[in-house]
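Content type compact mmCIF, C-alpha atoms, from the file run.txt:
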# COMPACT_ATOMS: atom_id res chain seq x y z
CA MET J 1162 74.30 72.88 218.94
CA THR J 1163 75.90 74.45 215.91
CA SER J 1164 74.97 73.56 212.40
CA PRO J 1165 77.60 72.17 210.06
CA PRO J 1166 79.31 74.70 207.84
CA ALA J 1167 77.29 75.47 204.74
CA ASP J 1168 78.58 74.20 201.44
CA PRO J 1169 79.70 76.91 199.11
CA PRO J 1170 76.96 77.90 196.67
CA ALA J 1171 76.90 75.64 193.63
CA GLN J 1172 78.31 77.15 190.50
CA PRO J 1173 75.66 77.49 187.76
CA ALA J 1174 76.04 74.92 184.99
CA ALA J 1175 76.47 77.64 182.38
CA ALA J 1176 79.33 79.26 184.28
CA ALA J 1177 81.00 75.89 184.89
CA ALA J 1178 80.92 75.15 181.17
CA GLU J 1179 82.23 78.60 180.15
CA PRO J 1180 85.88 77.56 179.53
CA GLU J 1181 84.78 74.55 177.50
CA ARG J 1182 82.27 76.67 175.56
CA LYS J 1183 84.94 79.27 174.76
CA GLU J 1184 87.31 76.56 173.55
CA ARG J 1185 84.57 75.05 171.37
CA VAL J 1186 83.83 78.47 169.84
CA LYS J 1187 87.54 79.02 169.17
CA ARG J 1188 87.88 75.59 167.49
CA GLY J 1189 84.76 76.21 165.39
CA LEU J 1190 85.91 79.62 164.20
CA ASP J 1191 89.37 78.22 163.41
CA LEU J 1192 87.77 75.39 161.45
CA VAL J 1193 85.85 77.78 159.18
CA ASN J 1194 88.66 80.37 158.95
CA LEU J 1195 86.91 83.07 160.99
CA THR J 1196 89.48 83.57 163.76
CA GLY J 1197 89.51 87.25 164.66
CA PHE J 1198 85.78 87.75 164.09
CA GLU J 1199 84.63 86.40 167.48
CA ASN J 1200 83.24 89.72 168.64
CA LYS J 1201 81.48 90.78 165.45
CA PHE J 1202 77.71 91.01 165.11
CA PRO J 1203 76.00 89.18 162.22
CA TRP J 1204 75.31 92.43 160.39
CA GLN J 1205 79.06 93.12 160.40
CA LEU J 1206 79.80 89.90 158.46
CA SER J 1207 79.45 89.16 154.75
CA GLY J 1208 76.92 86.57 153.55
CA GLY J 1209 79.65 83.96 153.18
CA MET J 1210 81.00 84.70 156.65
CA GLN J 1211 77.49 84.35 158.07
CA GLN J 1212 77.16 80.95 156.34
CA ARG J 1213 80.53 79.84 157.71
CA THR J 1214 79.40 80.95 161.18
CA ALA J 1215 76.25 78.85 160.79
CA LEU J 1216 78.39 75.90 159.69
CA ALA J 1217 80.67 76.31 162.74
CA ARG J 1218 77.60 76.45 164.98
CA ALA J 1219 76.19 73.27 163.39
CA LEU J 1220 79.51 71.46 163.88
CA ALA J 1221 80.02 72.66 167.48
CA ASN J 1222 78.43 69.57 169.03
CA ASP J 1223 80.31 67.24 166.65
CA PRO J 1224 77.22 65.64 165.08
CA ARG J 1225 77.62 62.35 163.23
CA ILE J 1226 75.10 63.53 160.60
CA LEU J 1227 74.80 67.08 159.33
CA LEU J 1228 71.55 68.17 157.63
CA MET J 1229 71.99 71.06 155.23
CA ASP J 1230 68.82 72.22 153.48
CA GLU J 1231 69.68 74.59 150.61
CA PRO J 1232 72.50 76.15 152.68
CA PHE J 1233 73.98 78.17 149.82
CA GLY J 1234 70.78 79.08 147.97
CA ALA J 1235 70.75 82.75 149.03
CA LEU J 1236 74.42 83.38 148.21
CA ASP J 1237 75.80 85.04 145.09
CA ALA J 1238 77.53 82.72 142.60
CA GLN J 1239 81.09 83.55 143.70
CA THR J 1240 80.38 83.14 147.43
CA ARG J 1241 78.45 79.96 146.70
CA VAL J 1242 81.50 78.35 145.05
CA VAL J 1243 83.70 79.45 147.96
CA MET J 1244 81.27 77.84 150.43
CA GLN J 1245 81.05 74.65 148.38
CA GLU J 1246 84.85 74.37 148.44
CA GLU J 1247 84.82 75.16 152.17
CA LEU J 1248 82.35 72.37 152.91
CA VAL J 1249 84.40 69.88 150.87
CA ARG J 1250 87.56 70.97 152.75
CA LEU J 1251 85.80 70.52 156.09
CA ALA J 1252 84.49 67.11 155.06
CA ARG J 1253 88.04 65.97 154.22
CA LYS J 1254 89.36 67.31 157.52
CA ASN J 1255 86.55 65.95 159.70
CA PRO J 1256 84.61 63.20 157.83
CA ARG J 1257 80.92 62.78 158.60
CA THR J 1258 77.69 62.06 156.80
CA VAL J 1259 76.14 65.17 155.25
CA LEU J 1260 72.58 65.12 153.96
CA PHE J 1261 72.78 68.01 151.51
CA ILE J 1262 69.51 69.15 149.98
CA THR J 1263 69.78 71.19 146.80
CA HIS J 1264 67.88 71.86 143.59
CA ASP J 1265 71.17 72.37 141.73
CA LEU J 1266 72.10 69.11 140.03
CA ASP J 1267 75.65 70.28 139.21
CA GLU J 1268 76.20 71.18 142.87
CA ALA J 1269 74.85 67.79 143.98
CA ILE J 1270 77.17 65.91 141.64
CA ALA J 1271 80.24 67.99 142.44
CA MET J 1272 79.86 67.66 146.20
CA SER J 1273 78.36 64.21 146.66
CA ASP J 1274 79.23 60.55 146.50
CA ARG J 1275 75.59 59.68 146.00
CA VAL J 1276 72.64 61.67 144.58
CA VAL J 1277 69.05 60.75 145.36
CA VAL J 1278 66.47 62.35 143.07
CA MET J 1279 63.16 63.07 144.76
CA SER J 1280 59.72 63.38 143.20
CA ALA J 1281 58.06 66.78 143.22
CA GLY J 1282 55.34 67.89 145.59
CA PRO J 1283 54.50 67.58 149.26
CA ALA J 1284 54.40 63.76 149.14
CA SER J 1285 57.96 63.68 147.83
CA ARG J 1286 59.67 60.30 147.65
CA PRO J 1287 62.93 58.92 146.20
CA ILE J 1288 62.62 58.09 142.51
CA GLY J 1289 66.28 57.67 141.58
CA ASN J 1290 69.58 56.87 143.25
CA PHE J 1291 72.91 57.56 141.52
CA THR J 1292 76.45 56.80 142.67
CA ILE J 1293 78.91 59.54 141.70
CA ASP J 1294 82.17 57.94 140.57
CA ILE J 1295 84.43 60.98 140.46
CA ASP J 1296 87.75 60.71 142.30
CA ARG J 1297 88.36 62.80 145.38
CA PRO J 1298 89.62 65.32 146.16
CA ARG J 1299 87.44 67.18 143.69
CA ASP J 1300 87.67 70.71 142.41
CA VAL J 1301 84.05 71.69 143.03
CA ALA J 1302 84.32 74.99 141.15
CA ASP J 1303 85.70 73.22 138.07
CA LEU J 1304 83.05 70.47 138.16
CA VAL J 1305 80.22 72.97 138.53
CA ALA J 1306 81.64 75.22 135.81
CA ARG J 1307 82.08 72.30 133.39
CA GLY J 1308 78.60 70.99 134.10
CA GLN J 1309 79.85 67.54 135.09
CA ARG J 1310 76.33 66.16 134.83
CA ARG J 1311 76.65 66.08 131.04
CA ASP J 1312 79.55 63.66 131.36
CA LEU J 1313 77.54 61.40 133.65
CA ASP J 1314 74.25 61.57 131.73
CA LEU J 1315 72.65 62.14 135.10
CA GLU J 1316 70.65 65.09 133.85
CA VAL J 1317 68.98 62.90 131.22
CA ALA J 1318 68.31 60.10 133.70
CA ALA J 1319 66.97 62.49 136.35
CA GLY J 1320 64.82 64.24 133.75
CA GLU J 1321 63.38 60.91 132.58
CA LEU J 1322 62.64 59.90 136.17
CA LEU J 1323 60.90 63.18 136.88
CA HIS J 1324 58.95 62.95 133.59
CA ASP J 1325 57.88 59.36 134.38
CA ALA J 1326 56.87 60.39 137.90
CA GLY J 1327 54.88 63.30 136.46
CA ASP J 1328 53.10 60.97 134.01
CA ALA J 1329 52.25 58.60 136.86
CA LEU J 1330 50.83 61.51 138.88
CA ASP J 1331 48.80 62.65 135.85
CA ARG J 1332 47.39 59.12 135.41
CA THR J 1333 46.55 58.96 139.12
CA ALA J 1334 44.79 62.32 138.90
CA ASP J 1335 42.85 61.17 135.81
CA VAL J 1336 41.70 57.99 137.55
CA ALA J 1337 40.71 59.96 140.64
CA ALA J 1338 38.70 62.31 138.40
CA GLY J 1339 36.99 59.38 136.68
CA HIS J 1340 39.01 59.54 133.44
CA HIS J 1341 40.49 56.17 132.61
CA GLY J 1342 42.44 57.08 129.48
CA LEU J 1343 39.43 56.45 127.24
CA ASP J 1344 38.32 58.90 124.63
CA GLN J 1345 35.41 60.67 126.33
CA GLU J 1346 33.68 61.62 123.07
CA HIS J 1347 32.97 58.07 121.86

Have the structure of the file written as C-alpha cells, please.
Amino acid sequence: MTSPPADPPAQPAAAAAEPERKERVKRGLDLVNLTGFENKFPWQLSGGMQQRTALARALANDPRILLMDEPFGALDAQTRVVMQEELVRLARKNPRTVLFITHDLDEAIAMSDRVVVMSAGPASRPIGNFTIDIDRPRDVADLVARGQRRDLDLEVAAGELLHDAGDALDRTADVAAGHHGLDQEH
C-alpha cells in the first residue's frame, strides 16, 4: 500500500505576507515623503527623517487612535515645525484620532481641536478642557510663531487651573501633616 502524496511544505506566514508587507512599507514611506530611503539605516537619516519613519511605522497597521507622547521634543526648532506641519498634513489626508501629549501649549493649540490640561505629578488628572476654535486648515508654524494662546487667553486659564490645583495639593499636604491653616504660634 502506498501512502498518499505528501502535501507541499507550508509556506511560513512571514514569507506569505512578504508582498503585502513590502506594499505597506512603500505606502508608509510615500505617506511621509521618504520614498527612496527604504534601504537606509537609522544612523544615515536626519532626526526629522527618523521621526517620519517612526510615524510611518505607527501608521502601518492603520490604527484608529494614534498615541504620540512628546514625539517632537528632541528635535531642533526648525525640524519640529516641519514635523508639526507634516502631522497636520497627514491628519487631513487620513483622518484619525490623535492623542498628542506635549508640554508646549502653543504646539497643543496649533495642532489640536481640543486641549486637556493635566495636573502635575504622578497622580495626574484632567483639570481643564478647552475647545480650540481656529479654522482648519491651519498654518501651524504661523500659529506657534504668533503665540496663538495669547489670543485665546488659554495660557491664563491653564495657569490659573494649575495654580488652583497646586493650592489644593498644598492644603492636602498641610492637612496630612496636621496643619489645618491655623496660626501655629497662638

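Interatomic distance, atom CA of Leu1260 of chain J to atom CA of Arg1182 of chain J: 26.3 Å.
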
Residue nearest Arg1225 of chain J - candidates J:Ala1252, J:Glu1268, J:Val1278, J:Arg1286, atoms counted: all atoms listed in the file: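 Using all atoms listed in the file, Arg1225 of chain J sits closest to J:Ala1252.
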
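The residue set within 10 Å of Gln1212 of chain J, counting only C-alpha atoms and dropping same-chain residues fewer than 2 places from it, reads Val1193, Leu1206, Ser1207, Gly1208, Gly1209, Met1210, Thr1214, Ala1215, Leu1216, Ala1217, Arg1218, Pro1232, Phe1233, Ala1235, Leu1236, Thr1240, Arg1241 and Met1244 of chain J.
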
Atom pair atom CA of Gly1197 of chain J / atom CA of Lys1254 of chain J: separation (Å): 21.2 Å

Residues within 9 Å of Asn1194 of chain J, only C-alpha atoms, excluding chain neighbours under 4 positions, as a ChimeraX atom specification: /J:1189-1190,1213

Determine the nearest neighbour of Asp1300 of chain J from the options J:Ala1281, J:Ile1288, J:Leu1266, J:Glu1247, counting all atoms listed in the file.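 So, comparing all the options, the nearest one is J:Glu1247.
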
If you measure from atom CA of Ser1273 of chain J to atom CA of Phe1291 of chain J, what distance in Å do you get, rounded to one decimal?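 So the answer is 10.0 Å.
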
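Comparing the minimum interatomic distances between Glu1184 of chain J and each of J:Ala1238, J:Met1229, J:Ile1295, J:Ala1221, counting all atoms listed in the file, we find that J:Ala1221 sits nearest.
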
List the neighbours of Glu1199 of chain J out to 9 Å using all atoms listed in the file; skip same-chain residues closer than 4 positions along the sequence, and give me the result as a ChimeraX atom specification. /J:1186-1187,1190,1195

Counting all atoms listed in the file, the residue of J:Ile1226, J:Gly1234, J:Met1279, J:Ser1285 that sits nearest Arg1257 of chain J: J:Ile1226

8 Å contact set for Ile1293 of chain J, all atoms listed in the file, chain neighbours under 3 positions out, as a PyMOL selection string: chain J and resi 1270+1273-1276

Rank J:Asn1200, J:Gln1211, J:Gln1245, J:Asn1222 by their smallest atom-to-atom distance to Ala1302 of chain J, using only C-alpha atoms, and report the top residue only.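 Comparing J:Asn1200, J:Gln1211, J:Gln1245, J:Asn1222 against Ala1302 of chain J, the winner is J:Gln1245.
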
Please determine, counting all atoms listed in the file, which residue among J:Ala1284, J:Val1242, J:Arg1299, J:Val1259 has the shortest atom-to-atom distance to Leu1228 of chain J.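 Closest to Leu1228 of chain J, using all atoms listed in the file: J:Val1259.
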